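Shown next: start.pdb, given as PDB, C-alpha atoms.
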ATOM      1  CA  MET W   1      26.334 102.272-119.547
ATOM      2  CA  PHE W   2      24.931 104.332-122.395
ATOM      3  CA  PHE W   3      21.662 106.288-122.430
ATOM      4  CA  GLY W   4      20.303 107.010-125.908
ATOM      5  CA  ALA W   5      18.552 110.153-127.017
ATOM      6  CA  GLU W   6      15.079 109.035-125.867
ATOM      7  CA  ALA W   7      16.082 107.783-122.424
ATOM      8  CA  SER W   8      14.906 110.819-120.470
ATOM      9  CA  ARG W   9      11.514 110.840-122.168
ATOM     10  CA  GLY W  10      10.927 107.252-121.125
ATOM     11  CA  SER W  11      12.241 107.593-117.581
ATOM     12  CA  GLY W  12       8.826 108.444-116.101
ATOM     13  CA  TYR W  13       7.777 110.647-113.181
ATOM     14  CA  VAL W  14       9.194 113.840-114.640
ATOM     15  CA  ASN W  15       8.304 117.399-113.714
ATOM     16  CA  PRO W  16       6.788 119.312-115.536
ATOM     17  CA  TYR W  17       6.288 116.563-118.169
ATOM     18  CA  ALA W  18       8.308 114.055-120.182
ATOM     19  CA  PRO W  19      10.976 115.724-122.373
ATOM     20  CA  PRO W  20       9.863 115.876-126.017
ATOM     21  CA  LEU W  21      11.266 113.932-128.928
ATOM     22  CA  GLY W  22      12.827 115.806-131.845
ATOM     23  CA  GLY W  23       9.590 116.019-133.817
ATOM     24  CA  GLN W  24       7.859 117.764-130.905
ATOM     25  CA  LEU W  25      10.755 119.963-129.842
ATOM     26  CA  PHE W  26      10.058 123.082-131.860
ATOM     27  CA  ASN W  27       6.452 123.351-130.724
ATOM     28  CA  GLU W  28       7.584 123.069-127.103
ATOM     29  CA  LEU W  29      10.355 125.639-127.612
ATOM     30  CA  ARG W  30       7.888 128.011-129.261
ATOM     31  CA  ASN W  31       5.592 127.743-126.241
ATOM     32  CA  TYR W  32       8.487 128.084-123.806
ATOM     33  CA  SER W  33      10.131 131.006-125.587
ATOM     34  CA  PRO W  34       7.533 132.860-127.679
ATOM     35  CA  SER W  35       9.638 136.031-127.942
ATOM     36  CA  ILE W  36      12.567 134.205-129.605
ATOM     37  CA  CYS W  37      11.619 130.724-130.817
ATOM     38  CA  GLY W  38       8.073 131.830-131.557
ATOM     39  CA  ASN W  39       9.162 134.986-133.331
ATOM     40  CA  LEU W  40      11.398 133.624-136.099
ATOM     41  CA  PRO W  41      10.994 134.811-139.711
ATOM     42  CA  ARG W  42       8.031 133.034-141.305
ATOM     43  CA  LYS W  43      10.089 130.922-143.707
ATOM     44  CA  ILE W  44      12.461 129.720-140.960
ATOM     45  CA  HIS W  45       9.509 129.127-138.653
ATOM     46  CA  LYS W  46       7.883 126.886-141.253
ATOM     47  CA  ASN W  47      11.131 124.952-141.787
ATOM     48  CA  PHE W  48      11.354 124.208-138.069
ATOM     49  CA  GLU W  49       7.761 122.997-138.012
ATOM     50  CA  GLN W  50       8.511 120.568-140.828
ATOM     51  CA  ASN W  51      11.876 119.184-139.690
ATOM     52  CA  PHE W  52      13.865 120.584-136.764
ATOM     53  CA  GLU W  53      17.243 119.107-137.729
ATOM     54  CA  ASN W  54      16.979 120.224-141.371
ATOM     55  CA  ALA W  55      15.991 123.718-140.252
ATOM     56  CA  MET W  56      18.997 123.939-137.928
ATOM     57  CA  LYS W  57      21.226 122.878-140.808
ATOM     58  CA  THR W  58      19.791 125.709-142.893
ATOM     59  CA  VAL W  59      20.503 128.355-140.248
ATOM     60  CA  PHE W  60      23.760 126.913-138.878
ATOM     61  CA  ASN W  61      25.966 129.483-140.586
ATOM     62  CA  ASN W  62      23.664 132.311-139.556
ATOM     63  CA  SER W  63      25.762 133.757-136.755
ATOM     64  CA  TYR W  64      22.983 135.616-134.957
ATOM     65  CA  LEU W  65      20.354 132.862-134.914
ATOM     66  CA  VAL W  66      22.163 129.731-133.766
ATOM     67  CA  PRO W  67      23.581 130.953-130.403
ATOM     68  CA  SER W  68      20.239 132.544-129.556
ATOM     69  CA  LEU W  69      18.291 129.376-130.357
ATOM     70  CA  MET W  70      20.783 127.207-128.489
ATOM     71  CA  ARG W  71      20.530 129.435-125.398
ATOM     72  CA  GLU W  72      16.756 129.066-125.390
ATOM     73  CA  MET W  73      17.117 125.315-125.893
ATOM     74  CA  ALA W  74      19.561 125.105-122.974
ATOM     75  CA  LYS W  75      17.175 126.984-120.691
ATOM     76  CA  TYR W  76      14.333 124.740-121.787
ATOM     77  CA  PHE W  77      16.208 121.508-121.087
ATOM     78  CA  CYS W  78      17.009 122.768-117.571
ATOM     79  CA  ILE W  79      13.349 122.625-116.519
ATOM     80  CA  PHE W  80      13.092 118.818-116.410
ATOM     81  CA  ARG W  81      13.553 117.061-113.080
ATOM     82  CA  PRO W  82      12.704 113.611-111.691
ATOM     83  CA  ILE W  83       9.678 113.902-109.401
ATOM     84  CA  ASN W  84      10.672 111.186-106.935
ATOM     85  CA  ASN W  85      12.543 107.927-106.599
ATOM     86  CA  SER W  86      10.033 106.248-108.924
ATOM     87  CA  ASN W  87      11.833 107.855-111.859
ATOM     88  CA  LEU W  88      13.721 105.131-113.724
ATOM     89  CA  TYR W  89      17.047 106.953-113.491
ATOM     90  CA  ALA W  90      16.721 107.085-109.702
ATOM     91  CA  ARG W  91      15.591 103.464-109.515
ATOM     92  CA  LEU W  92      18.519 102.361-111.678
ATOM     93  CA  LEU W  93      20.998 104.212-109.499
ATOM     94  CA  HIS W  94      19.461 102.723-106.369
ATOM     95  CA  ASP W  95      19.690  99.199-107.792
ATOM     96  CA  LEU W  96      23.307  99.721-108.868
ATOM     97  CA  ARG W  97      24.413 101.558-105.734
ATOM     98  CA  ARG W  98      27.003  98.943-104.730
ATOM     99  CA  SER W  99      28.827  99.087-108.066
ATOM    100  CA  LEU W 100      28.317 102.686-109.252
ATOM    101  CA  LYS W 101      32.001 103.604-108.990
ATOM    102  CA  GLU W 102      32.848 100.776-111.407
ATOM    103  CA  ILE W 103      30.512 102.075-114.145
ATOM    104  CA  VAL W 104      31.103 104.815-116.708
ATOM    105  CA  PHE W 105      27.743 106.346-117.609
ATOM    106  CA  SER W 106      27.307 108.239-120.880
ATOM    107  CA  THR W 107      24.519 109.883-122.841
ATOM    108  CA  LEU W 108      23.586 111.875-125.944
ATOM    109  CA  ASN W 109      21.016 113.893-123.983
ATOM    110  CA  TYR W 110      21.388 117.595-123.199
ATOM    111  CA  ASP W 111      19.129 117.612-120.123
ATOM    112  CA  LEU W 112      20.041 117.295-116.438
ATOM    113  CA  MET W 113      17.701 114.454-115.500
ATOM    114  CA  PHE W 114      20.462 111.990-114.633
ATOM    115  CA  GLU W 115      22.369 114.583-112.605
ATOM    116  CA  HIS W 116      19.227 115.333-110.574
ATOM    117  CA  ALA W 117      18.661 111.610-110.062
ATOM    118  CA  LEU W 118      22.230 111.310-108.770
ATOM    119  CA  GLN W 119      21.649 114.191-106.375
ATOM    120  CA  SER W 120      18.518 112.464-105.044
ATOM    121  CA  GLN W 121      20.781 109.548-104.075
ATOM    122  CA  GLY W 122      23.359 111.821-102.443
ATOM    123  CA  LEU W 123      25.752 111.421-105.399
ATOM    124  CA  VAL W 124      27.549 113.815-107.742
ATOM    125  CA  ALA W 125      28.165 113.570-111.502
ATOM    126  CA  GLU W 126      31.714 114.048-112.771
ATOM    127  CA  CYS W 127      31.499 115.016-116.431
ATOM    128  CA  PHE W 128      35.092 116.096-117.034
ATOM    129  CA  LEU W 129      37.096 113.158-115.632
ATOM    130  CA  GLU W 130      38.565 115.299-112.866
ATOM    131  CA  ASP W 131      37.015 114.132-109.577
ATOM    132  CA  THR W 132      37.649 110.420-109.087
ATOM    133  CA  THR W 133      35.338 110.302-106.042
ATOM    134  CA  ALA W 134      32.238 111.226-108.081
ATOM    135  CA  ILE W 135      30.208 109.185-110.595
ATOM    136  CA  THR W 136      31.640 109.356-114.112
ATOM    137  CA  TYR W 137      29.033 110.692-116.535
ATOM    138  CA  LEU W 138      30.127 111.563-120.076
ATOM    139  CA  LYS W 139      27.760 113.784-122.088
ATOM    140  CA  LEU W 140      28.946 113.080-125.605
ATOM    141  CA  HIS W 141      26.967 115.853-127.336
ATOM    142  CA  GLY W 142      27.570 118.431-124.614
ATOM    143  CA  SER W 143      25.026 119.585-122.070
ATOM    144  CA  CYS W 144      22.625 122.422-121.345
ATOM    145  CA  ASN W 145      24.746 123.317-118.301
ATOM    146  CA  PHE W 146      28.252 123.179-119.816
ATOM    147  CA  VAL W 147      29.707 126.641-120.328
ATOM    148  CA  LEU W 148      33.117 127.826-121.435
ATOM    149  CA  GLU W 149      35.709 129.003-118.931
ATOM    150  CA  ALA W 150      37.146 131.436-121.494
ATOM    151  CA  GLY W 151      36.088 134.697-119.859
ATOM    152  CA  THR W 152      33.274 136.998-120.967
ATOM    153  CA  TRP W 153      32.185 137.378-124.592
ATOM    154  CA  ILE W 154      30.110 140.394-125.663
ATOM    155  CA  ASN W 155      28.897 141.371-129.150
ATOM    156  CA  CYS W 156      30.809 138.498-130.791
ATOM    157  CA  ASN W 157      29.785 136.549-133.895
ATOM    158  CA  PHE W 158      30.901 133.010-134.672
ATOM    159  CA  ARG W 159      30.539 131.199-137.975
ATOM    160  CA  GLY W 160      30.826 127.465-138.561
ATOM    161  CA  PRO W 161      32.057 124.681-136.269
ATOM    162  CA  ASN W 162      34.973 124.714-133.824
ATOM    163  CA  ALA W 163      35.074 128.500-133.576
ATOM    164  CA  VAL W 164      36.010 128.678-129.886
ATOM    165  CA  GLU W 165      38.281 126.399-127.862
ATOM    166  CA  SER W 166      38.113 126.300-124.078
ATOM    167  CA  ASN W 167      37.816 124.156-120.996
ATOM    168  CA  LEU W 168      34.306 123.761-119.614
ATOM    169  CA  LYS W 169      32.616 124.015-116.259
ATOM    170  CA  ALA W 170      29.191 122.758-115.226
ATOM    171  CA  LEU W 171      26.567 125.131-113.814
ATOM    172  CA  ASN W 172      23.465 124.265-111.853
ATOM    173  CA  ALA W 173      20.071 124.789-113.499
ATOM    174  CA  ASP W 174      19.465 128.258-112.011
ATOM    175  CA  GLU W 175      22.931 129.408-113.042
ATOM    176  CA  VAL W 176      22.237 128.267-116.618
ATOM    177  CA  ILE W 177      19.173 130.503-116.795
ATOM    178  CA  ASN W 178      21.177 133.497-115.562
ATOM    179  CA  TYR W 179      24.055 132.703-117.940
ATOM    180  CA  CYS W 180      21.775 132.483-120.978
ATOM    181  CA  ASN W 181      19.787 135.594-120.090
ATOM    182  CA  SER W 182      22.920 137.702-119.576
ATOM    183  CA  ASN W 183      24.949 136.390-122.534
ATOM    184  CA  ASP W 184      24.508 137.810-126.027
ATOM    185  CA  SER W 185      27.286 135.885-127.823
ATOM    186  CA  LEU W 186      27.736 132.327-126.557
ATOM    187  CA  SER W 187      25.438 129.473-125.705
ATOM    188  CA  PRO W 188      26.139 126.514-123.430
ATOM    189  CA  ALA W 189      28.366 123.913-125.063
ATOM    190  CA  MET W 190      25.888 121.656-126.824
ATOM    191  CA  CYS W 191      26.242 120.136-130.259
ATOM    192  CA  VAL W 192      23.866 121.851-132.655
ATOM    193  CA  TYR W 193      20.658 119.851-132.967
ATOM    194  CA  MET W 194      21.113 118.755-136.584
ATOM    195  CA  GLU W 195      22.112 115.571-138.374
ATOM    196  CA  SER W 196      25.908 115.859-138.162
ATOM    197  CA  LYS W 197      25.786 117.318-134.595
ATOM    198  CA  PRO W 198      28.484 119.972-135.140
ATOM    199  CA  SER W 199      29.597 122.189-132.303
ATOM    200  CA  GLN W 200      30.754 125.776-132.401
ATOM    201  CA  PHE W 201      33.109 124.921-129.570
ATOM    202  CA  VAL W 202      36.062 122.601-128.977
ATOM    203  CA  TRP W 203      36.407 121.258-125.441
TER
END
Rewrite the structure of this file - the entire thing - as structure tokens.
Amino acid sequence: MFFGAEASRGSGYVNPYAPPLGGQLFNELRNYSPSICGNLPRKIHKNFEQNFENAMKTVFNNSYLVPSLMREMAKYFCIFRPINNSNLYARLLHDLRRSLKEIVFSTLNYDLMFEHALQSQGLVAECFLEDTTAITYLKLHGSCNFVLEAGTWINCNFRGPNAVESNLKALNADEVINYCNSNDSLSPAMCVYMESKPSQFVW
């Protein structure tokens, strides 16, 4: 069962509000992170206002900007949670409860809405095909809570795609915030939000 990029926005009953679509993302990031996303050079700032994906393509090879922006994006996507069992993810899981183990769920979304919905039903997401007792959930473009297991990286610069190869682990939302605030080199493993969806990491 596949959830497209707008699934979380349309799932309803979301705290603090429905996740934005791509055209609204930069304005929300600027409000969420004024010191970083709201403090970009004027030309780059204007590019993001006009077209987020094109702007990311422009700065992709800029080694200092992309990890910083992706860390702020990861933190931002961690804030969204289903309010109650009226959320459509939770309702879907409830309706499918007898056959959940037979379904492979997948998504292009970076957020943790589905994982939280699983938790509300007493279930756990397995994103790395390791735990056969959990619910299989494949996040095809990465996730705001996927981080590399390859030790600690400090004062490192990475250029272009596939710069780092490592296994991943999944953090909870609070751990993501701490990881991003204490990390000056890497971001969580998410494909860069641009047309070709490149990643700086291989997992």
Nearest residue to Val104 (chain W) from the set W:Glu28, W:Gln121, W:Thr132, W:Asn85 (distances using only C-alpha atoms):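 For Val104 (chain W), the nearest of the candidates is W:Thr132.
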Which polymer residues, whether protein, DNA or RNA, lie within 10 Å of the coordinate (10.3, 127.6, -127.2) when you count all atoms listed in the file? List them as a list of chain:residue names, using the chain letters and numbers from the file.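 Looking at atoms near the point gives W:Leu25, W:Phe26, W:Asn27, W:Glu28, W:Leu29, W:Arg30, W:Asn31, W:Tyr32, W:Ser33, W:Pro34, W:Ser35, W:Ile36, W:Cys37, W:Gly38, W:Asn39, W:Leu69, W:Glu72, W:Met73, W:Lys75, W:Tyr76.
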Minimum-distance residue to Asn181 (chain W), chosen among W:Pro67, W:Pro198, W:Gly12, W:Gly122 (using all atoms listed in the file): W:Pro67
Which residues, named as in the file, does the PyMOL selection byres ((chain W and resi 87) around 9) pick out? Answer as an mmCIF file with C-alpha atoms, in the coordinates of the input.
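Generated output (out_7.cif):
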data_model
loop_
_atom_site.group_PDB
_atom_site.id
_atom_site.type_symbol
_atom_site.label_atom_id
_atom_site.label_comp_id
_atom_site.auth_asym_id
_atom_site.auth_seq_id
_atom_site.Cartn_x
_atom_site.Cartn_y
_atom_site.Cartn_z
ATOM 1 C CA SER W 11 12.241 107.593 -117.581
ATOM 2 C CA GLY W 12 8.826 108.444 -116.101
ATOM 3 C CA TYR W 13 7.777 110.647 -113.181
ATOM 4 C CA VAL W 14 9.194 113.840 -114.640
ATOM 5 C CA PRO W 82 12.704 113.611 -111.691
ATOM 6 C CA ILE W 83 9.678 113.902 -109.401
ATOM 7 C CA ASN W 84 10.672 111.186 -106.935
ATOM 8 C CA ASN W 85 12.543 107.927 -106.599
ATOM 9 C CA SER W 86 10.033 106.248 -108.924
ATOM 10 C CA LEU W 88 13.721 105.131 -113.724
ATOM 11 C CA TYR W 89 17.047 106.953 -113.491
ATOM 12 C CA ALA W 90 16.721 107.085 -109.702
ATOM 13 C CA ARG W 91 15.591 103.464 -109.515
ATOM 14 C CA LEU W 92 18.519 102.361 -111.678
ATOM 15 C CA ALA W 117 18.661 111.610 -110.062
#
Ranking W:Phe105, W:Tyr110, W:Tyr193, W:Phe60 by minimum distance to Glu126 (chain W) and counting all atoms listed in the file, which one comes first? W:Phe105
Check the smallest atom-to-atom distance from each of W:Ser106, W:Gln200, W:Ser68, W:Asn183 to Phe2 (chain W) using all atoms listed in the file, then report the winner.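 For Phe2 (chain W), the nearest of the candidates is W:Ser106.
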